Structure formats: structure tokens, C-alpha cells
2 protein chains.
Amino acid sequence: MGRLPAADEGSAALVRARAEATLRPSGALHRLDDVAVWLARWQRTSEPHVERPAAIVFVADHGVADEGVSAYPPQVTADVLRALQEGVATANAMARVLSVSLSVVDVGVGTPSGNLAHESALSSDAFDECFTAGRRAVTDVDADVLIVGEMGIGNTTAASAICTALYGGPAEQWTGRGTGIDEATYERKLRVVEAAVKRIATVRDPLEILREVGGFELAAIAGAVTEARLRSIPVLLDGFVVTAAAAVVDRVRPGALDHCFAGHRSSEPGHALVLEKLGMQPLLDLDLRLGEGSGALAALGLVKLAAACVTDVATFEEWGLIQ
Amino acid sequence: MGRLPAADEGSAALVRARAEATLRPSGALHRLDDVAVWLARWQRTSEPHVERPAAIVFVADHGVADEGVSAYPPQVTADVLRALQEGVATANAMARVLSVSLSVVDVGVGTPSGNLAHESALSSDAFDECFTAGRRAVTDVDADVLIVGEMGIGNTTAASAICTALYGGPAEQWTGRGTGIDEATYERKLRVVEAAVKRIATVRDPLEILREVGGFELAAIAGAVTEARLRSIPVLLDGFVVTAAAAVVDRVRPGALDHCFAGHRSSEPGHALVLEKLGMQPLLDLDLRLGEGSGALAALGLVKLAAACVTDVATFEEWGLIQ
């Protein structure tokens with residue numbers, strides 16, 4: 001990961017002071033003020049902004065989908081990829097409303113990863129390629145705030161396996177209903193997660209865990225989050241899959257996710273838990289469970305407001321009032 | 001209140017069906033889908049939209065402010081009124097980001113209402129005038145979604161008194177820290193609420209409760225919410241003060257708030273409680289406590305997305321997939 005740039009605490013302090021001095025009761029918008037301070041800290045400016053928001057959605061197929069762990073057949077991944085590319089998926093509609101530049105990156109649709117229940121999901125080469133593809137996707141966009149999203153039938157199974165391996169605890173804690181699966185499918189999913197975690201019981205390196213039980217798009221997300229950190233671009237995290245991949249980066253280097261803010265908490269139980277582990281408090285809590293970056297996109301409107309509420313509101317002093 | 005128009009359940013059903021058929025797992029955005037259905041139901045269209053959002057902020061002074069129930073002196077009301085009119089307050093900044101048309105209506109700044117601790121807050125004439133001013137403010141805007149906001153030092157005391165009188169229970173339950181008051185001020189505020197509720201112990205008529213222990217802007221809000229209902233304009237409710245005034249309308253006629261959706265839950269304990277009484281689940285829960293319509297404005301971004309996520313996303317069928 002190399003040397004990580006330090007945050008701009010000077011700009012952060014200026015924005016905190018301005019938020020405290022604006023024409024409203026102290027702390028009345030404190031959660032939004034925190035967002036503005038976070039933007040300032042990583043945008044390295046005392047005038048935080050959301051002018052060039054970008055979202056990158058990584059899409060891939062998963063060998064583990066053959067285990068019947070989803071409510072949808074694996075080919076839905078390719079269908080949704082096409083919808084994202086043609087601009088008719090949910091993330092596209094949200095991006096249009098929010099003037100977000102949306103990129104869609106196919107990191108392995110049609111050529112599924114290994115079945116993580118029985119074998120390594122990614123070879124070392126595939127892992128490096130996907131991680132690099134994630135990094136490159138970030139260098140390809142000119143963003144002042146970045147959203148990372150994903151789509152891939154089977155990928156909440158991968159996220160559950162990653163979190164169980166990273167943090168321990170029973171697999172049930174980390175395993176949810178994904179796209180909305182029935183009881184029998186849930187039992188299968190749980191057995192798969194347990195098998196995967198057992199298979200790599202001796203693996204301790206977080207990146208190896210990601211390679212073994214992750215997926216192409218999860219490796220790309222880890223790369224994208226890392227590149228954003230190196231470039232000091234604030235990242236708004238989406239749901240369970242994105243957060244699980246990002247959590248790997250945190251385990252490699254504590255503090256490496258300081259540039260990330262949790263956009264939302266989804267209905268996946270593992271998502272709430274991994275956010276707790278990361279010490280992140282999400283902006284939204286609406287039981288969304290779509291992926292595609294949709295939860296982070298939904299939260300982006302609040303980030304825009306947070307910036308305006310410190311930069312575009314008078315202070316008590318400017319308004320001729322002494323506080 | 002006259003005859004209330006029925007909701008357009010036909011359009012609501014069409015939007016519900018379309019949301020279920022869009023290219024995403026069933027229920028993946030159900031909270032946002034609910035918002036889209038609510039818009040359709042009151043906009044009376046199967047293509048819900050947020051094209052002409054408007055916010056009206058009612059501002060007034062309160063006689064009860066003389067009791068020292070706020071962290072700020074009464075003259076701050078006039079200062080913030082001027083800031084709202086000049087476009088430098090928080091609500092203005094939010095409205096600009098969201099392309100919301102913001103109106104500011106002075107319903108009694110400089111001429112405080114009666115001190116609700118000891119006397120009727122409003123005379124019958126003043127009540128009628130303010131209620132009518134609220135109605136007229138709605139007829140003056142051309143809105144497809146309406147936000148109602150308020151500002152007035154002392155008005156959370158009025159909201160607490162209204163709710164205690166409407167719903168009963170100890171005044172502590174309904175009384176919070178408002179602008180951020182200290183323990184001594186809180187004790188004074190609590191005594192004032194108790195005195196006000198005791199003074200009108202025999203009053204049962206909800207509108208009389210509002211007249212006795214409310215305020216000019218609270219009467220205007222009740223009028224605005226009522227007029228919006230008559231015109232079938234969906235209303236996004238803001239915080240405790242707005243919701244308390246709206247609750248009066250609900251008590252006059254159960255169902256009269258069916259066109260309202262809770263934008264957020266503030267840090268006022270009474271707000272959470274009155275939302276429960278009204279059976280409303282808020283979109284945001286960010287401990288905001290500013291007023292000015294800011295919580296509802298923050299939620300409006302989600303309403304925009306909710307509309308787009310049903311009208312601007314392909315269905316499985318349109319995308320050539322059978323579900």
C-alpha cells in the first residue's frame with residue numbers, strides 16, 4: 001500500500017470552526033457537520049464541495065452461485081451489467097438525479113471466479129489483475145467524492161465468508177438473506193460460508209482471505225478504495241459487499257479507511273456488524289439491499305447538503321450577531 | 001375542514017406494481033418504493049415526480065420566550081427571519097442545492113403571542129388569521145411536493161405543551177432540549193409546559209389546544225397542512241414543532257394527515273413519540289434539531305430518488321427478462 005498521505009487536519013479544523021459559527025444553534029446539524037469536516041479533511045480544502053461526484057460499479061460472476069445461494073440465477077449478473085451499461089438500472093436513475101458520473105466496470109462477467117466453497121475464488125494473478133483494475137478505475141475518473149458499488153449474483157456469500165474469516169464469530173452472524181432468499185436457500189448459503197471459512201482456517205493475511213473467499217469485484221473494490229486513499233479522495237461506502245471488501249484494507253493497515261464514510265446500513269445483518277467493527281456510523285438506515293452503489297448514492301444527497309450547510313450559510317459574526 | 005378528497009389508490013397501485021416489476025430484487029428498495037407510492041397516491045398520477053418542490057417557513061415570536069425557556073434570546077427570531085429572507089440561512093442553502101422554491105412567511109415576528117404559561121397564546125381572531133395565512137401560503141405556491149418549516153424562539157415549548165395536552169402522559173416525555181438548553185433552563189421549560197397544560201386542563205377541542213398553548217406559526221402550519229390535504233399535495237413533515245401542529249389536524253379528523261410523510265426524526269424526544277402516535281416512520285434519523293424545514297429538506301433528496309427509481313428504471317419485462 002506504500003505510504004499513506006496524512007489527512008488535512010488543518011482544513012478539517014477550519015470547517016469544524018465554521019460549522020460551529022454558522023447561524024444556527026451549536027450542534028443542530030452535527031451529523032451533517034461531521035460529513036462536511038470529513039470532506040474537508042480528504043479534499044484538503046476548507047471549502048468542501050460535491051461538484052464532480054463519481055460512482056464506479058464493479059460487476060463479476062461468482063463460481064459459488066452454482067451452489068444455489070441466491071434467489072436469482074447466475075445469468076442475472078450479465079443482464080444487470082447490460083442494464084447498467086445501457087443506463088436503465090436503478091443506479092443509473094439515481095446517478096442522473098444526483099448528477100453523478102457513473103462508470104461500470106466488468107471485471108469478470110461470463111467467466112466466474114472459482115467456487116469459494118471448495119477452491120480459491122481467485123488465483124494470485126487474477127487477484128492482482130482485479131485489484132489493479134480497481135485502482136485504475138479510480139485514476140480514470142476525476143472525482144471529488146467517490147462511490148464504489150458492485151453487482152454479482154452470489155457476492156453476499158463472499159462478503160459473509162470474508163467477514164467470518166476476518167473477524168471470527170459464528171457464520172450465522174455474518175450471513176443474511178441477500179437478494180431475499182428462502183429458508184432452504186439460507187441454510188445452503190450458511191453451509192457454504194462455513195465450508196469456505198473452514199477451508200482457509202489457517203489463513204491470516206487479509207488479502208489472502210479476500211483472494212480465497214472473495215470475488216473479482218471485491219478485489220477490485222479493495223483496489224479502488226486503496227487508490228482513493230492514496231489520492232486523498234473521500235469515499236462514500238455502499239452496502240455489505242463493498243464494506244466487507246473495504247474491511248480487508250482496514251485489516252491490512254488500520255486507518256487506511258479514514259477517508260471512507262458509511263453511506264447507509266443495509267438490511268444484511270453482517271453489514272451492521274462490520275460497520276461496528278470499523279467504528280462507522282452510517283448516514284442512512286433504510287433497509288436497502290440492492291447494491292449497485294445505491295445506498296451510497298442515496299446518501300450522496302446528504303453529503304451535498306452537508307457541504308452547502310457550512311460553505312453557503314452566514315456565520316453569526318458575518319450576520320452582525322455576536323455569539 | 002370540509003370534505004377531504006380521497007387518495008388516488010389506482011395510481012398508487014400502479015406505482016406499487018411497477019416498483020415490484022423493476023429490474024431489482026423484489027423489495028430491495030422497499031422504503032423508497034413506499035415513498036414513490038405515497039407521491040403517486042396524492043399527486044394522483046402513476047408517474048410520481050419532484051419537479052416543483054416548495055418549502056414554506058413560517059416565523060413568529062412567542063410570549064413564552066420571556067420565561068427563559070431557550071438557549072437564545074427572543075430577538076434571534078427576527079435575526080433568523082432576516083437571514084431567511086436574505087437567503088443566508090441553512091434552509092436557503094439546502095433549498096438551493098435541491099432546487100426548492102423557498103417562501104418565508106412572517107406571521108408575527110416583533111409582536112409575540114401571549115405567554116402560554118399564563119394566558120391564551122392566541123386570541124380567536126389571531127388564530128383564524130394565522131390558520132388562514134397558512135392556507136393562503138399554500139395556495140400561493142405551485143408545488144408538487146410541499147415542505148413546511150418553522151422558526152421561532154420558544155416554539156418547542158409550545159410543541160411540548162400541545163402534545164402533552166393532546167396525548168397526555170408526563171410533560172417530561174414531551175419536553176426536550178430544544179436549541180440545546182442547560183439543566184436549569186430545562187427545569188424552567190418543564191414547569192412552563194406543566195403550567196400551560198394545567199391551565200387548559202378542561203379543554204378537549206384540538207384546535208382550542210393549539211390556540212391556547214401553540215403559537216402563530218403553529219396555527220399557520222396547521223392551516224398549511226390542511227390546505228395541502230384539500231389540494232392533494234403531498235407534504236414532507238419536518239421536526240417536532242411542525243409535527244405537533246400537524247398532529248392537531250390529525251386529532252380533528254383522523255386520516256387528515258394521510259398525505260404527509262415524516263421527513264426525519266429529530267433529537268427531541270417528543271418528536272419520536274408524536275411520530276409513533278401518528279404511525280409514521282421517518283426517512284432520516286440524524287439527530288437534526290434546527291427547524292427551518294431543514295430535516296424535511298434533507299429528506300427531499302430521497303423523495304426525488306424514490307420517484308426516479310420507479311419511473312426511470314426498466315422493468316424485468318421491458319428488459320426482456322421474465323420474472
# chains A, B, ... in the order shown; residues from 1 in each chain; ligands from 1
call {"tool": "interface_residues", "arguments": {"of": "chain A", "to": "chain B", "cutoff": "8 Å", "atoms": "only C-alpha atoms", "output": "JSON, numbers by chain"}}
result
{"A": [23, 24, 25, 26, 28, 29, 30, 31, 80, 83, 88, 89, 90, 92, 93, 94, 97, 179, 180, 283, 284, 285, 286, 287, 288, 289, 290, 298, 301, 302, 304, 305, 308, 309, 312, 313, 314, 319]}
call {"tool": "write_last_selection", "arguments": {"atoms": "C-alpha atoms", "output": "short mmCIF file (atom, residue, chain, number, x, y, z; two decimals), in the first residue's frame"}}
result
data_model
loop_
_atom_site.label_atom_id
_atom_site.label_comp_id
_atom_site.auth_asym_id
_atom_site.auth_seq_id
_atom_site.Cartn_x
_atom_site.Cartn_y
_atom_site.Cartn_z
CA LEU A 23 -26.24 30.95 12.08
CA ARG A 24 -27.88 28.02 13.86
CA PRO A 25 -27.81 26.50 17.34
CA SER A 26 -24.47 24.88 18.07
CA ALA A 28 -28.04 21.47 15.47
CA LEU A 29 -26.78 19.67 12.35
CA HIS A 30 -23.86 17.89 13.96
CA ARG A 31 -24.12 14.71 11.88
CA VAL A 80 -27.94 -6.29 -14.93
CA ALA A 83 -28.82 -2.68 -17.95
CA VAL A 88 -31.73 1.63 -17.35
CA ALA A 89 -30.75 0.18 -13.96
CA THR A 90 -31.51 1.70 -10.57
CA ASN A 92 -28.28 4.93 -13.44
CA ALA A 93 -31.56 6.55 -12.44
CA MET A 94 -30.10 7.66 -9.12
CA VAL A 97 -30.91 12.68 -10.35
CA THR A 179 -31.50 -10.74 -2.61
CA GLY A 180 -34.29 -12.14 -0.43
CA LEU A 283 -25.96 8.21 7.30
CA LEU A 284 -28.99 6.23 6.17
CA ASP A 285 -30.76 3.25 7.70
CA LEU A 286 -33.49 2.37 5.23
CA ASP A 287 -33.14 -1.42 4.91
CA LEU A 288 -31.96 -1.01 1.33
CA ARG A 289 -30.41 -4.18 -0.08
CA LEU A 290 -29.79 -3.64 -3.75
CA ALA A 298 -28.96 7.72 -1.74
CA GLY A 301 -27.66 13.97 -1.44
CA LEU A 302 -26.92 14.45 2.25
CA LYS A 304 -24.08 17.70 -0.94
CA LEU A 305 -26.25 19.37 1.68
CA ALA A 308 -23.51 23.65 1.43
CA CYS A 309 -24.54 23.97 5.08
CA ASP A 312 -23.15 28.63 1.88
CA VAL A 313 -24.63 29.80 5.23
CA ALA A 314 -23.68 33.01 7.04
CA TRP A 319 -24.63 38.37 10.17
#
call {"tool": "residues_around", "arguments": {"residues": "segment 39-55 of chain B", "least_positions_apart": "4", "cutoff": "6 Å", "atoms": "only C-alpha atoms", "output": "ChimeraX atom specification"}}
result
/B:7-9,11-12,15,100-102,143-148,232-234,304,307
call {"tool": "select_by_dssp", "arguments": {"residues": "segment 22-171 of chain B", "states": "strand (DSSP E)", "output": "ChimeraX atom specification"}}
result
/B:53-59,101-106,145-151
call {"tool": "write_last_selection", "arguments": {"atoms": "N, CA, C and O atoms", "output": "PDB file, in the first residue's frame"}}
result
ATOM      1  N   PRO B  53     -40.750  21.253  -6.201  1.00  0.00           N
ATOM      2  CA  PRO B  53     -40.808  21.194  -4.740  1.00  0.00           C
ATOM      3  C   PRO B  53     -40.797  22.602  -4.142  1.00  0.00           C
ATOM      4  O   PRO B  53     -40.092  23.484  -4.646  1.00  0.00           O
ATOM      5  N   ALA B  54     -41.584  22.794  -3.126  1.00  0.00           N
ATOM      6  CA  ALA B  54     -41.632  24.098  -2.464  1.00  0.00           C
ATOM      7  C   ALA B  54     -41.550  23.912  -0.959  1.00  0.00           C
ATOM      8  O   ALA B  54     -42.009  22.916  -0.414  1.00  0.00           O
ATOM      9  N   ALA B  55     -40.939  24.875  -0.311  1.00  0.00           N
ATOM     10  CA  ALA B  55     -40.891  24.893   1.151  1.00  0.00           C
ATOM     11  C   ALA B  55     -41.419  26.237   1.628  1.00  0.00           C
ATOM     12  O   ALA B  55     -41.131  27.278   1.027  1.00  0.00           O
ATOM     13  N   ILE B  56     -42.225  26.187   2.660  1.00  0.00           N
ATOM     14  CA  ILE B  56     -42.736  27.417   3.277  1.00  0.00           C
ATOM     15  C   ILE B  56     -42.294  27.405   4.738  1.00  0.00           C
ATOM     16  O   ILE B  56     -42.588  26.451   5.461  1.00  0.00           O
ATOM     17  N   VAL B  57     -41.578  28.439   5.131  1.00  0.00           N
ATOM     18  CA  VAL B  57     -41.118  28.534   6.523  1.00  0.00           C
ATOM     19  C   VAL B  57     -41.897  29.659   7.208  1.00  0.00           C
ATOM     20  O   VAL B  57     -41.828  30.820   6.786  1.00  0.00           O
ATOM     21  N   PHE B  58     -42.654  29.278   8.237  1.00  0.00           N
ATOM     22  CA  PHE B  58     -43.438  30.251   8.999  1.00  0.00           C
ATOM     23  C   PHE B  58     -42.639  30.681  10.228  1.00  0.00           C
ATOM     24  O   PHE B  58     -42.093  29.838  10.944  1.00  0.00           O
ATOM     25  N   VAL B  59     -42.587  31.978  10.463  1.00  0.00           N
ATOM     26  CA  VAL B  59     -41.750  32.510  11.542  1.00  0.00           C
ATOM     27  C   VAL B  59     -42.592  33.404  12.454  1.00  0.00           C
ATOM     28  O   VAL B  59     -43.397  34.210  11.967  1.00  0.00           O
ATOM     29  N   SER B 101     -38.152  25.829  -4.217  1.00  0.00           N
ATOM     30  CA  SER B 101     -38.628  27.196  -4.074  1.00  0.00           C
ATOM     31  C   SER B 101     -38.989  27.434  -2.611  1.00  0.00           C
ATOM     32  O   SER B 101     -39.840  26.761  -2.050  1.00  0.00           O
ATOM     33  N   LEU B 102     -38.316  28.386  -1.971  1.00  0.00           N
ATOM     34  CA  LEU B 102     -38.486  28.615  -0.530  1.00  0.00           C
ATOM     35  C   LEU B 102     -39.223  29.930  -0.284  1.00  0.00           C
ATOM     36  O   LEU B 102     -38.788  30.981  -0.749  1.00  0.00           O
ATOM     37  N   SER B 103     -40.334  29.850   0.426  1.00  0.00           N
ATOM     38  CA  SER B 103     -41.037  31.068   0.847  1.00  0.00           C
ATOM     39  C   SER B 103     -40.888  31.227   2.353  1.00  0.00           C
ATOM     40  O   SER B 103     -40.903  30.239   3.082  1.00  0.00           O
ATOM     41  N   VAL B 104     -40.763  32.446   2.773  1.00  0.00           N
ATOM     42  CA  VAL B 104     -40.663  32.739   4.201  1.00  0.00           C
ATOM     43  C   VAL B 104     -41.852  33.611   4.563  1.00  0.00           C
ATOM     44  O   VAL B 104     -42.092  34.635   3.923  1.00  0.00           O
ATOM     45  N   VAL B 105     -42.632  33.178   5.543  1.00  0.00           N
ATOM     46  CA  VAL B 105     -43.844  33.911   5.905  1.00  0.00           C
ATOM     47  C   VAL B 105     -43.753  34.355   7.362  1.00  0.00           C
ATOM     48  O   VAL B 105     -43.704  33.529   8.276  1.00  0.00           O
ATOM     49  N   ASP B 106     -43.726  35.654   7.547  1.00  0.00           N
ATOM     50  CA  ASP B 106     -43.710  36.248   8.892  1.00  0.00           C
ATOM     51  C   ASP B 106     -45.155  36.302   9.388  1.00  0.00           C
ATOM     52  O   ASP B 106     -45.971  37.048   8.864  1.00  0.00           O
ATOM     53  N   VAL B 145     -44.540  18.810  -4.412  1.00  0.00           N
ATOM     54  CA  VAL B 145     -44.264  18.298  -3.062  1.00  0.00           C
ATOM     55  C   VAL B 145     -44.057  19.519  -2.184  1.00  0.00           C
ATOM     56  O   VAL B 145     -43.382  20.472  -2.597  1.00  0.00           O
ATOM     57  N   LEU B 146     -44.616  19.468  -0.988  1.00  0.00           N
ATOM     58  CA  LEU B 146     -44.536  20.630  -0.109  1.00  0.00           C
ATOM     59  C   LEU B 146     -43.813  20.290   1.185  1.00  0.00           C
ATOM     60  O   LEU B 146     -44.046  19.231   1.785  1.00  0.00           O
ATOM     61  N   ILE B 147     -42.921  21.203   1.580  1.00  0.00           N
ATOM     62  CA  ILE B 147     -42.268  21.125   2.890  1.00  0.00           C
ATOM     63  C   ILE B 147     -42.742  22.311   3.705  1.00  0.00           C
ATOM     64  O   ILE B 147     -42.821  23.432   3.193  1.00  0.00           O
ATOM     65  N   VAL B 148     -43.094  22.040   4.953  1.00  0.00           N
ATOM     66  CA  VAL B 148     -43.491  23.126   5.840  1.00  0.00           C
ATOM     67  C   VAL B 148     -42.466  23.204   6.967  1.00  0.00           C
ATOM     68  O   VAL B 148     -42.134  22.188   7.571  1.00  0.00           O
ATOM     69  N   GLY B 149     -41.942  24.393   7.193  1.00  0.00           N
ATOM     70  CA  GLY B 149     -40.941  24.569   8.236  1.00  0.00           C
ATOM     71  C   GLY B 149     -41.312  25.724   9.153  1.00  0.00           C
ATOM     72  O   GLY B 149     -42.312  26.415   8.917  1.00  0.00           O
ATOM     73  N   GLU B 150     -40.522  25.923  10.169  1.00  0.00           N
ATOM     74  CA  GLU B 150     -40.825  26.972  11.145  1.00  0.00           C
ATOM     75  C   GLU B 150     -39.545  27.490  11.784  1.00  0.00           C
ATOM     76  O   GLU B 150     -38.524  26.832  11.783  1.00  0.00           O
ATOM     77  N   MET B 151     -39.664  28.687  12.342  1.00  0.00           N
ATOM     78  CA  MET B 151     -38.615  29.223  13.191  1.00  0.00           C
ATOM     79  C   MET B 151     -39.291  30.150  14.176  1.00  0.00           C
ATOM     80  O   MET B 151     -40.165  30.939  13.792  1.00  0.00           O
TER      81      MET B 151
END
call {"tool": "residues_around", "arguments": {"residues": "Arg177 of chain A", "least_positions_apart": "2", "cutoff": "12 Å", "atoms": "only C-alpha atoms", "output": "PyMOL selection string"}}
result
(chain A and resi 69-71+154-157+160+172-175+179-190+240+266-271+287+289-290) or (chain B and resi 25+28)
call {"tool": "select_by_dssp", "arguments": {"residues": "segment 54-181 of chain B", "states": "helix (DSSP H, G or I)", "output": "ChimeraX atom specification"}}
result
/B:63-67,76-86,90-98,124-139,155-167,171-174
call {"tool": "closest_residue", "arguments": {"among": "A:Leu4, A:Ala36, A:Ala220, A:Ala244", "to": "Arg16 of chain A", "atoms": "only C-alpha atoms"}}
result
A:Ala36
call {"tool": "atom_distance", "arguments": {"atom1": "atom CA of Gly176 of chain A", "atom2": "atom CA of Ile200 of chain A"}}
result
21.0 Å
call {"tool": "closest_residue", "arguments": {"among": "B:Glu67, B:Asp34, B:Asp140, B:Asp61", "to": "Glu20 of chain B", "atoms": "only C-alpha atoms"}}
result
B:Asp34
call {"tool": "residues_around", "arguments": {"residues": "Thr226 of chain B", "least_positions_apart": "2", "cutoff": "9 Å", "atoms": "only C-alpha atoms", "output": "NGL selection string"}}
result
:B and (1 or 134-135 or 221-224 or 228-231 or 246 or 249 or 256-257)
